[in-house]
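Engineer: Pasting my_file.txt below, which is compact mmCIF, C-alpha atoms.
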# COMPACT_ATOMS: atom_id res chain seq x y z
CA MET A 696 97.71 97.58 170.49
CA ASN A 697 100.76 97.24 168.35
CA GLN A 698 99.53 98.20 164.93
CA LYS A 699 101.52 97.60 161.82
CA LEU A 700 100.95 100.40 159.33
CA VAL A 701 100.11 99.26 155.82
CA ASN A 702 101.99 100.64 152.85
CA ILE A 703 100.18 102.85 150.39
CA LEU A 704 100.99 103.39 146.74
CA LEU A 705 99.87 106.61 145.08
CA VAL A 706 99.63 106.49 141.30
CA GLU A 707 99.44 110.11 140.20
CA ASP A 708 101.14 112.16 137.49
CA ASP A 709 100.46 115.68 138.77
CA GLU A 710 103.21 116.92 141.06
CA VAL A 711 100.90 119.27 142.98
CA ASP A 712 98.38 116.48 143.54
CA VAL A 713 101.18 114.34 144.98
CA MET A 714 102.10 117.21 147.30
CA ASN A 715 98.42 117.53 148.12
CA VAL A 716 98.17 113.93 149.28
CA LYS A 717 101.43 114.13 151.25
CA ARG A 718 100.30 117.31 152.95
CA ALA A 719 96.88 115.88 153.76
CA PHE A 720 98.58 112.78 155.20
CA SER A 721 100.77 114.80 157.52
CA LYS A 722 97.85 117.05 158.57
CA ASN A 723 95.79 113.98 159.44
CA ASN A 724 98.74 112.33 161.22
CA ILE A 725 98.78 109.48 158.74
CA MET A 726 102.17 107.86 159.19
CA ASN A 727 101.84 105.08 156.62
CA THR A 728 104.68 104.83 154.14
CA LEU A 729 103.64 106.39 150.85
CA PHE A 730 105.21 105.28 147.58
CA VAL A 731 104.55 107.29 144.44
CA ALA A 732 104.35 106.21 140.79
CA GLY A 733 103.83 108.73 137.99
CA ASN A 734 101.60 106.56 135.81
CA GLY A 735 100.22 103.05 135.35
CA VAL A 736 103.29 101.68 133.58
CA GLU A 737 105.58 102.88 136.34
CA ALA A 738 103.26 101.50 139.03
CA LEU A 739 103.10 98.05 137.40
CA GLU A 740 106.86 97.98 137.09
CA MET A 741 107.25 98.82 140.77
CA LEU A 742 104.76 96.14 141.80
CA GLU A 743 105.77 93.34 139.46
CA ASN A 744 109.51 93.75 139.94
CA HIS A 745 109.20 94.05 143.72
CA ILE A 746 110.84 97.46 143.69
CA ILE A 747 108.56 98.35 146.60
CA PRO A 748 106.97 96.06 149.22
CA LEU A 749 103.48 95.06 148.13
CA PRO A 750 101.05 97.77 149.29
CA LYS A 751 97.63 96.96 150.75
CA ILE A 752 96.13 100.14 149.40
CA ILE A 753 96.50 101.98 146.10
CA ILE A 754 95.28 105.52 145.47
CA LEU A 755 94.77 105.84 141.76
CA ASP A 756 94.32 108.81 139.44
CA ILE A 757 92.39 108.18 136.21
CA ASN A 758 93.78 110.69 133.75
CA MET A 759 97.45 109.91 133.31
CA PRO A 760 99.87 109.67 130.41
CA LYS A 761 101.20 106.32 129.11
CA MET A 762 98.73 104.12 130.95
CA ASN A 763 95.63 105.61 132.53
CA GLY A 764 94.04 104.47 135.77
CA ILE A 765 91.35 102.29 134.23
CA GLU A 766 93.87 100.44 132.03
CA PHE A 767 96.09 99.94 135.05
CA LEU A 768 93.16 98.58 137.10
CA LYS A 769 92.26 96.09 134.37
CA ILE A 770 95.78 94.66 134.25
CA MET A 771 96.02 94.62 138.03
CA ARG A 772 92.78 92.70 138.51
CA GLU A 773 94.03 89.98 136.15
CA ASN A 774 97.24 89.53 138.10
CA GLU A 775 96.98 86.88 140.85
CA LYS A 776 99.41 88.66 143.16
CA LEU A 777 97.95 92.12 142.74
CA LYS A 778 94.25 91.53 142.35
CA ASN A 779 93.35 91.75 146.04
CA ILE A 780 94.80 95.19 146.72
CA SER A 781 92.20 97.78 147.78
CA VAL A 782 92.05 100.57 145.24
CA PHE A 783 90.70 104.06 145.81
CA VAL A 784 90.16 106.05 142.66
CA MET A 785 90.93 109.73 143.13
CA THR A 786 90.15 111.91 140.18
CA THR A 787 88.62 115.09 138.77
CA SER A 788 86.47 112.99 136.47
CA ASN A 789 82.80 113.25 137.30
CA GLU A 790 81.92 111.32 134.14
CA ASP A 791 79.51 108.49 134.72
CA SER A 792 81.43 106.30 132.28
CA ASP A 793 84.62 106.60 134.35
CA LYS A 794 82.76 105.80 137.56
CA ILE A 795 81.07 102.75 136.05
CA ASN A 796 84.36 101.51 134.58
CA ALA A 797 86.04 101.90 137.94
CA TYR A 798 83.31 100.18 139.94
CA ASN A 799 83.21 97.33 137.42
CA LEU A 800 86.84 96.76 138.33
CA ASN A 801 85.99 96.48 141.98
CA VAL A 802 87.23 99.66 143.62
CA ALA A 803 86.86 100.40 147.33
CA GLY A 804 86.05 104.06 146.82
CA TYR A 805 85.74 106.87 144.31
CA ILE A 806 86.98 110.24 145.51
CA LEU A 807 86.41 113.38 143.48
CA LYS A 808 89.34 115.77 143.83
CA PRO A 809 87.79 118.88 145.28
CA LEU A 810 88.98 122.37 144.45
CA SER A 811 89.74 123.26 148.05
CA PHE A 812 92.42 121.66 150.18
CA GLU A 813 90.16 121.86 153.25
CA LYS A 814 87.59 119.59 151.61
CA PHE A 815 90.29 117.17 150.55
CA LEU A 816 91.48 116.97 154.14
CA THR A 817 88.04 115.79 155.20
CA SER A 818 88.02 113.06 152.55
CA VAL A 819 91.43 111.85 153.64
CA ALA A 820 90.34 111.82 157.29
CA THR A 821 87.49 109.48 156.32
CA LEU A 822 89.89 107.22 154.43
CA LYS A 823 92.15 107.07 157.45
CA ASN A 824 89.39 105.35 159.42
CA PHE A 825 89.03 102.72 156.72
CA TRP A 826 92.75 102.11 156.45
CA GLN A 827 93.01 101.53 160.16
CA LEU A 828 90.55 98.67 159.71
CA CYS A 829 92.92 97.18 157.11
CA GLU A 830 95.69 97.32 159.67
CA LEU A 831 93.93 95.23 162.31
CA MET B 95 72.25 112.48 96.66
CA LYS B 96 72.24 109.65 99.21
CA GLU B 97 76.04 109.65 99.20
CA ALA B 98 76.21 113.35 99.98
CA GLU B 99 73.76 112.89 102.82
CA ASP B 100 75.77 110.02 104.28
CA LYS B 101 78.92 112.09 104.07
CA CYS B 102 77.16 114.92 105.86
CA GLN B 103 76.01 112.57 108.63
CA GLN B 104 79.52 111.19 109.02
CA GLU B 105 80.96 114.66 109.29
CA LEU B 106 78.33 115.58 111.85
CA ALA B 107 79.14 112.50 113.91
CA ALA B 108 82.86 113.31 113.75
CA LEU B 109 82.19 116.89 114.84
CA LYS B 110 80.02 115.73 117.74
CA LYS B 111 82.76 113.37 118.87
CA GLU B 112 85.35 116.13 118.62
CA PHE B 113 83.12 118.41 120.67
CA GLU B 114 82.62 115.80 123.36
CA GLU B 115 86.33 115.22 123.58
CA PHE B 116 86.85 118.96 123.85
CA VAL B 117 84.42 119.19 126.75
CA TYR B 118 86.13 116.26 128.45
CA ILE B 119 89.53 117.90 128.12
CA VAL B 120 88.20 121.19 129.44
CA SER B 121 86.69 119.47 132.45
CA HIS B 122 89.80 117.54 133.42
CA ASP B 123 92.91 119.19 132.13
CA ILE B 124 91.93 122.74 133.05
CA LYS B 125 90.64 121.76 136.45
CA SER B 126 94.02 120.36 137.53
CA PRO B 127 95.94 123.64 137.34
CA MET B 128 92.98 125.43 138.90
CA ARG B 129 93.06 123.04 141.82
CA ALA B 130 96.82 123.53 142.09
CA ILE B 131 96.40 127.31 142.39
CA SER B 132 93.75 126.88 145.06
CA ASN B 133 95.76 124.32 147.04
CA ILE B 134 99.05 126.15 146.87
CA THR B 135 97.34 129.32 148.08
CA THR B 136 96.10 127.43 151.14
CA TRP B 137 99.57 126.03 151.76
CA ILE B 138 101.17 129.48 151.52
CA GLU B 139 98.59 130.71 154.02
CA GLU B 140 99.40 127.86 156.39
CA ASP B 141 103.15 128.16 156.01
CA LEU B 142 103.11 131.90 156.63
CA GLY B 143 101.74 131.22 160.11
CA THR B 144 100.57 134.35 161.91
CA VAL B 145 100.55 137.21 159.47
CA GLU B 146 100.39 140.80 160.72
CA ASN B 147 99.88 142.31 157.29
CA GLN B 148 96.13 142.31 156.68
CA GLU B 149 96.63 143.16 153.02
CA VAL B 150 98.47 139.89 152.43
CA LEU B 151 95.65 137.94 154.02
CA ALA B 152 93.00 139.83 152.05
CA ASN B 153 94.84 139.17 148.80
CA LEU B 154 95.19 135.46 149.52
CA SER B 155 91.50 135.30 150.25
CA LEU B 156 90.70 137.14 147.00
CA LEU B 157 92.90 134.72 145.10
CA LYS B 158 90.97 131.74 146.48
CA ASN B 159 87.64 133.39 145.83
CA ARG B 160 88.51 133.99 142.19
CA VAL B 161 89.74 130.44 141.59
CA ASN B 162 86.50 129.27 143.12
CA ARG B 163 84.58 131.50 140.76
CA MET B 164 86.57 130.09 137.87
CA GLU B 165 85.60 126.58 138.88
CA ASN B 166 81.94 127.54 139.08
CA MET B 167 82.14 129.11 135.63
CA MET B 168 83.81 126.02 134.25
CA ASN B 169 81.11 123.83 135.75
CA GLY B 170 78.44 126.15 134.33
CA LEU B 171 80.00 125.94 130.89
CA LEU B 172 80.14 122.15 131.10
CA GLU B 173 76.54 121.97 132.22
CA LEU B 174 75.44 124.23 129.39
CA SER B 175 77.25 122.08 126.85
CA ARG B 176 75.66 118.91 128.20
CA VAL B 177 72.04 120.13 128.37
CA ASP B 178 70.92 118.03 125.43
CA ARG B 179 72.95 114.94 126.34
CA VAL B 180 72.32 114.18 130.00
CA GLU B 181 69.29 113.61 132.23
CA LEU B 182 66.97 112.91 129.34
CA GLU B 183 64.70 110.51 131.20
CA PHE B 184 60.95 110.96 131.08
CA TYR B 185 59.14 110.19 134.31
CA GLU B 186 55.96 111.10 136.10
CA VAL B 187 56.10 114.36 137.99
CA ASN B 188 53.55 115.82 140.36
CA ILE B 189 53.70 119.46 139.32
CA SER B 190 52.34 120.92 142.59
CA LYS B 191 54.67 118.81 144.70
CA MET B 192 57.66 119.72 142.59
CA MET B 193 56.86 123.42 143.01
CA ALA B 194 56.30 123.12 146.76
CA ASN B 195 59.49 121.10 147.25
CA SER B 196 61.52 123.54 145.20
CA ILE B 197 60.20 126.48 147.20
CA ALA B 198 60.93 124.62 150.44
CA LEU B 199 64.61 124.47 149.46
CA PHE B 200 64.79 128.26 149.46
CA GLU B 201 62.45 128.92 152.37
CA THR B 202 64.87 127.54 154.94
CA ASN B 203 67.81 129.70 153.87
CA SER B 204 66.20 133.00 153.03
CA ASN B 205 63.83 135.38 154.70
CA VAL B 206 61.57 135.49 151.68
CA GLU B 207 57.83 135.07 151.85
CA PHE B 208 56.65 132.65 149.18
CA THR B 209 53.16 132.14 147.80
CA LEU B 210 52.18 129.28 145.53
CA ASN B 211 49.03 129.11 143.44
CA THR B 212 48.26 126.25 141.11
CA THR B 213 45.36 125.79 138.71
CA LEU B 214 45.80 122.29 137.41
CA ILE B 215 43.47 119.86 135.68
CA ASN B 216 45.86 116.99 136.13
CA GLU B 217 48.53 117.22 138.83
CA ASN B 218 50.70 114.57 137.22
CA CYS B 219 52.62 114.78 134.02
CA VAL B 220 55.13 112.49 132.35
CA THR B 221 57.96 114.79 131.37
CA LEU B 222 61.70 115.45 131.50
CA GLY B 223 61.53 115.83 135.27
CA ALA B 224 65.17 116.66 135.98
CA LYS B 225 65.14 119.38 133.34
CA LEU B 226 61.93 120.96 134.63
CA GLN B 227 63.32 120.89 138.15
CA LYS B 228 66.53 122.54 137.00
CA VAL B 229 64.71 125.44 135.31
CA ILE B 230 62.39 126.01 138.28
CA LEU B 231 65.27 126.04 140.77
CA SER B 232 67.24 128.40 138.59
CA VAL B 233 64.39 130.92 138.26
CA LEU B 234 63.62 130.72 141.99
CA ASP B 235 67.30 131.15 142.80
CA ASN B 236 67.33 134.27 140.67
CA ALA B 237 64.28 135.70 142.44
CA VAL B 238 65.85 135.11 145.86
CA ARG B 239 69.54 135.77 145.26
CA PHE B 240 69.27 139.27 143.83
CA HIS B 241 66.62 140.45 146.22
CA ASP B 242 67.52 143.69 147.95
CA LYS B 243 64.39 144.65 149.93
CA GLU B 244 63.48 144.24 153.58
CA ASN B 245 60.10 142.77 152.82
CA ARG B 246 60.88 140.07 150.30
CA LYS B 247 58.14 138.35 148.39
CA VAL B 248 58.21 135.73 145.66
CA GLY B 249 55.03 134.47 144.04
CA VAL B 250 54.75 131.29 142.00
CA GLU B 251 51.72 130.65 139.82
CA VAL B 252 51.11 127.55 137.73
CA VAL B 253 48.32 127.37 135.18
CA GLU B 254 47.63 124.37 133.01
CA THR B 255 46.46 125.07 129.48
CA GLU B 256 45.52 122.59 126.80
CA SER B 257 49.08 122.18 125.58
CA ASP B 258 51.36 123.60 128.27
CA TYR B 259 52.07 124.38 131.88
CA GLU B 260 52.51 128.09 132.32
CA ILE B 261 54.74 128.81 135.31
CA LYS B 262 55.09 132.39 136.45
CA VAL B 263 57.64 133.41 139.07
CA SER B 264 57.37 137.03 140.20
CA ASP B 265 59.31 138.91 142.84
CA ASN B 266 59.36 142.40 144.35
CA GLY B 267 63.13 142.67 143.99
CA PRO B 268 65.17 145.23 142.06
CA GLY B 269 64.09 144.05 138.60
CA ILE B 270 66.32 144.17 135.56
CA PRO B 271 67.15 147.48 133.82
CA GLU B 272 65.34 147.61 130.47
CA GLN B 273 68.50 148.20 128.45
CA VAL B 274 70.14 144.96 129.63
CA ALA B 275 67.04 142.73 129.74
CA SER B 276 67.97 141.17 126.39
CA LYS B 277 71.35 140.00 127.72
CA ILE B 278 70.26 138.09 130.81
CA PHE B 279 70.06 134.76 128.99
CA SER B 280 73.69 134.95 127.81
CA ILE B 281 76.17 132.74 129.61
CA PHE B 282 78.08 134.47 132.45
CA TYR B 283 76.13 137.70 132.05
CA THR B 284 75.31 139.31 135.38
CA VAL B 285 73.45 142.60 135.84
CA ASN B 286 75.77 143.70 138.63
CA SER B 287 79.47 143.04 139.02
CA LYS B 288 80.12 139.51 140.23
CA ASP B 289 81.74 141.14 143.28
CA VAL B 290 78.40 142.57 144.43
CA VAL B 291 76.48 139.31 144.30
CA ASP B 292 78.72 136.26 143.96
CA THR B 293 77.11 134.38 141.14
CA THR B 294 78.25 132.62 138.01
CA GLY B 295 75.66 133.90 135.62
CA ALA B 296 75.08 130.50 134.06
CA GLY B 297 71.65 129.56 135.47
CA LEU B 298 69.45 131.48 133.05
CA ALA B 299 71.59 130.52 130.04
CA ILE B 300 71.22 126.85 130.99
CA SER B 301 67.48 127.31 131.57
CA CYS B 302 67.09 129.00 128.20
CA LYS B 303 68.85 126.09 126.48
CA ILE B 304 66.64 123.58 128.31
CA MET B 305 63.51 125.47 127.23
CA LYS B 306 64.71 125.35 123.61
CA LEU B 307 65.39 121.63 123.94
CA VAL B 308 61.87 120.87 125.14
CA GLY B 309 60.27 123.24 122.66
CA GLY B 310 59.10 125.65 125.36
CA LYS B 311 59.75 129.27 126.16
CA ILE B 312 61.21 131.40 128.90
CA LYS B 313 60.67 135.12 128.98
CA TYR B 314 61.32 138.04 131.24
CA THR B 315 58.93 140.91 131.82
CA ALA B 316 59.24 143.78 134.24
CA GLY B 317 56.88 143.68 137.23
CA ILE B 318 54.36 146.45 137.81
CA ASN B 319 56.10 147.89 140.86
CA ASN B 320 59.65 147.09 139.86
CA GLY B 321 60.48 143.45 140.41
CA SER B 322 60.79 140.74 137.78
CA ILE B 323 58.44 138.22 136.27
CA PHE B 324 59.82 135.11 134.63
CA THR B 325 57.32 133.10 132.63
CA LEU B 326 58.01 129.52 131.59
CA ILE B 327 55.92 127.79 128.97
CA TRP B 328 56.60 124.09 129.51
CA PRO B 329 54.95 121.90 126.85
CA LYS B 330 53.02 118.83 127.98
CA ILE B 331 54.29 116.86 125.04
CA ILE B 332 58.01 116.94 124.42
CA ILE B 333 59.56 115.51 121.31
CA LEU B 334 63.33 115.20 121.39
CA LYS B 335 65.21 115.20 118.13
CA ASN B 336 67.50 112.17 117.91
Re-express the file's structure as structure tokens.

Structural biologist:
Amino acid sequence: MNQKLVNILLVEDDEVDVMNVKRAFSKNNIMNTLFVAGNGVEALEMLENHIIPLPKIIILDINMPKMNGIEFLKIMRENEKLKNISVFVMTTSNEDSDKINAYNLNVAGYILKPLSFEKFLTSVATLKNFWQLCEL
Amino acid sequence: MKEAEDKCQQELAALKKEFEEFVYIVSHDIKSPMRAISNITTWIEEDLGTVENQEVLANLSLLKNRVNRMENMMNGLLELSRVDRVELEFYEVNISKMMANSIALFETNSNVEFTLNTTLINENCVTLGAKLQKVILSVLDNAVRFHDKENRKVGVEVVETESDYEIKVSDNGPGIPEQVASKIFSIFYTVNSKDVVDTTGAGLAISCKIMKLVGGKIKYTAGINNGSIFTLIWPKIIILKN
């Protein structure tokens, strides 16, 4: 089967967390193109001005400077072109309020950033299965 | 007079808000660098490939263990600070079942012999179930975790009085030296070095705060033949302030 890999946009301000995702991708043999934005403002700019091809999946941190993940999600869901993108929230926040806010904005998943890289690898492996469904 | 009171209330509300924000910052902003240390350590390990020098490997493993401990302490601190703000739902609890289920959690992973005795007039009680569960698990965990004997025994006794449930958890473990018994309810205090038994030392501090919240009591007494006895006085009627 000739699969076309979907593009993924990572919205994350922490450099090590970006490295974390890249490393987990390569360990799990995830070959999808990964674009990175440092915060919500930057991500919106990239999407609205077509700086990057429209991704099918966004991995979104919550705590970020300038525009946090929840604010970004709100704006995104009101935008006709962007509102159908699958969003996975990936955060350290175990606060119920953050989870409720995210789910109210229709997210596909809520991943808590674990302390250990090994655990993160397992989460990413699970996501890989889902993404492959998006690619069919 | 009324004005002064209002001002006081406003200041209290502002302080509470500030405290909550502080806890939020601690939970997120400090966890990020902690996670970075843990992740980068793993990457260094991976990138080194086969390492002949055992000392290097041992040190990397120590580094990860300590970051892990730091995370557990941070989580303990957060839990302690949230005792009177989360899981405040009252619901009906079957006391005997809760005890038996809690014991079952430890039975599978430890070679400890448990006994449970209950003298109850009414098995069911509407109470802060999650809080009661937390305290019971914490005291049981203590009885099991620090046990050092071959023949390990933990006894749980529940007696219902007119106003309270009296829950007694006794073990035949090492007990707590008399001179440090007053410190065991302090956060992060551990009788032995944390290297001997890997523990955070937050459980009893959290339990103590819960008991204060519900208007109950937790106390430690030395067992007859060494060992420890923890007694919980859990009131049947709980009145929460605010």

Engineer: Which residues of chain B are close to chain A, meaning at most 7 Å apart when you count all atoms listed in the file, and how do they look as a PyMOL selection string?

Structural biologist: chain B and resi 122+129-130+132-133+136

Engineer: Would you work out the distance separating atom CA of B:Asn159 from atom CA of B:Ser232, expressed in Å to one decimal?

Structural biologist: 22.2 Å

Engineer: Name the residues in contact with B:Leu231 at a cut-off of 12 Å, using all atoms listed in the file, excluding same-chain residues fewer than 6 positions from it; report them as a compact mmCIF listing (two decimals) with C-alpha atoms, in the frame of the given file.

Structural biologist:
# COMPACT_ATOMS: atom_id res chain seq x y z
CA MET B 192 57.66 119.72 142.59
CA MET B 193 56.86 123.42 143.01
CA ALA B 194 56.30 123.12 146.76
CA ASN B 195 59.49 121.10 147.25
CA SER B 196 61.52 123.54 145.20
CA ILE B 197 60.20 126.48 147.20
CA ALA B 198 60.93 124.62 150.44
CA LEU B 199 64.61 124.47 149.46
CA PHE B 200 64.79 128.26 149.46
CA ALA B 224 65.17 116.66 135.98
CA LYS B 225 65.14 119.38 133.34
CA ALA B 237 64.28 135.70 142.44
CA VAL B 238 65.85 135.11 145.86
CA ARG B 239 69.54 135.77 145.26
CA VAL B 250 54.75 131.29 142.00
CA VAL B 263 57.64 133.41 139.07
CA GLY B 297 71.65 129.56 135.47
CA LEU B 298 69.45 131.48 133.05
CA ILE B 300 71.22 126.85 130.99
CA SER B 301 67.48 127.31 131.57

Engineer: Fewer than 3 positions away in the same chain doesn't count, so skip those; otherwise give me all residues within 12 Å of B:Asn266, counting all atoms listed in the file, as JSON, numbers by chain.

Structural biologist: {"B": [206, 207, 208, 236, 237, 238, 240, 241, 242, 243, 244, 245, 246, 247, 248, 249, 263, 269, 270, 316, 317, 318, 319, 320, 321, 322, 323]}

Engineer: Just the residues within 12 Å of A:Ile747, please, counting only C-alpha atoms, with nothing from its chain fewer than 3 positions along; format it as a VMD selection string.

Structural biologist: chain A and resid 702 to 704 728 to 732 737 to 744 750 to 751

Engineer: With C-alpha atoms retained, could you export that selection as a PDB file, keeping the file's coordinate frame?

Structural biologist:
ATOM      1  CA  ASN A 702     101.990 100.640 152.850  1.00  0.00           C
ATOM      2  CA  ILE A 703     100.180 102.850 150.390  1.00  0.00           C
ATOM      3  CA  LEU A 704     100.990 103.390 146.740  1.00  0.00           C
ATOM      4  CA  THR A 728     104.680 104.830 154.140  1.00  0.00           C
ATOM      5  CA  LEU A 729     103.640 106.390 150.850  1.00  0.00           C
ATOM      6  CA  PHE A 730     105.210 105.280 147.580  1.00  0.00           C
ATOM      7  CA  VAL A 731     104.550 107.290 144.440  1.00  0.00           C
ATOM      8  CA  ALA A 732     104.350 106.210 140.790  1.00  0.00           C
ATOM      9  CA  GLU A 737     105.580 102.880 136.340  1.00  0.00           C
ATOM     10  CA  ALA A 738     103.260 101.500 139.030  1.00  0.00           C
ATOM     11  CA  LEU A 739     103.100  98.050 137.400  1.00  0.00           C
ATOM     12  CA  GLU A 740     106.860  97.980 137.090  1.00  0.00           C
ATOM     13  CA  MET A 741     107.250  98.820 140.770  1.00  0.00           C
ATOM     14  CA  LEU A 742     104.760  96.140 141.800  1.00  0.00           C
ATOM     15  CA  GLU A 743     105.770  93.340 139.460  1.00  0.00           C
ATOM     16  CA  ASN A 744     109.510  93.750 139.940  1.00  0.00           C
ATOM     17  CA  PRO A 750     101.050  97.770 149.290  1.00  0.00           C
ATOM     18  CA  LYS A 751      97.630  96.960 150.750  1.00  0.00           C
TER      19      LYS A 751
END
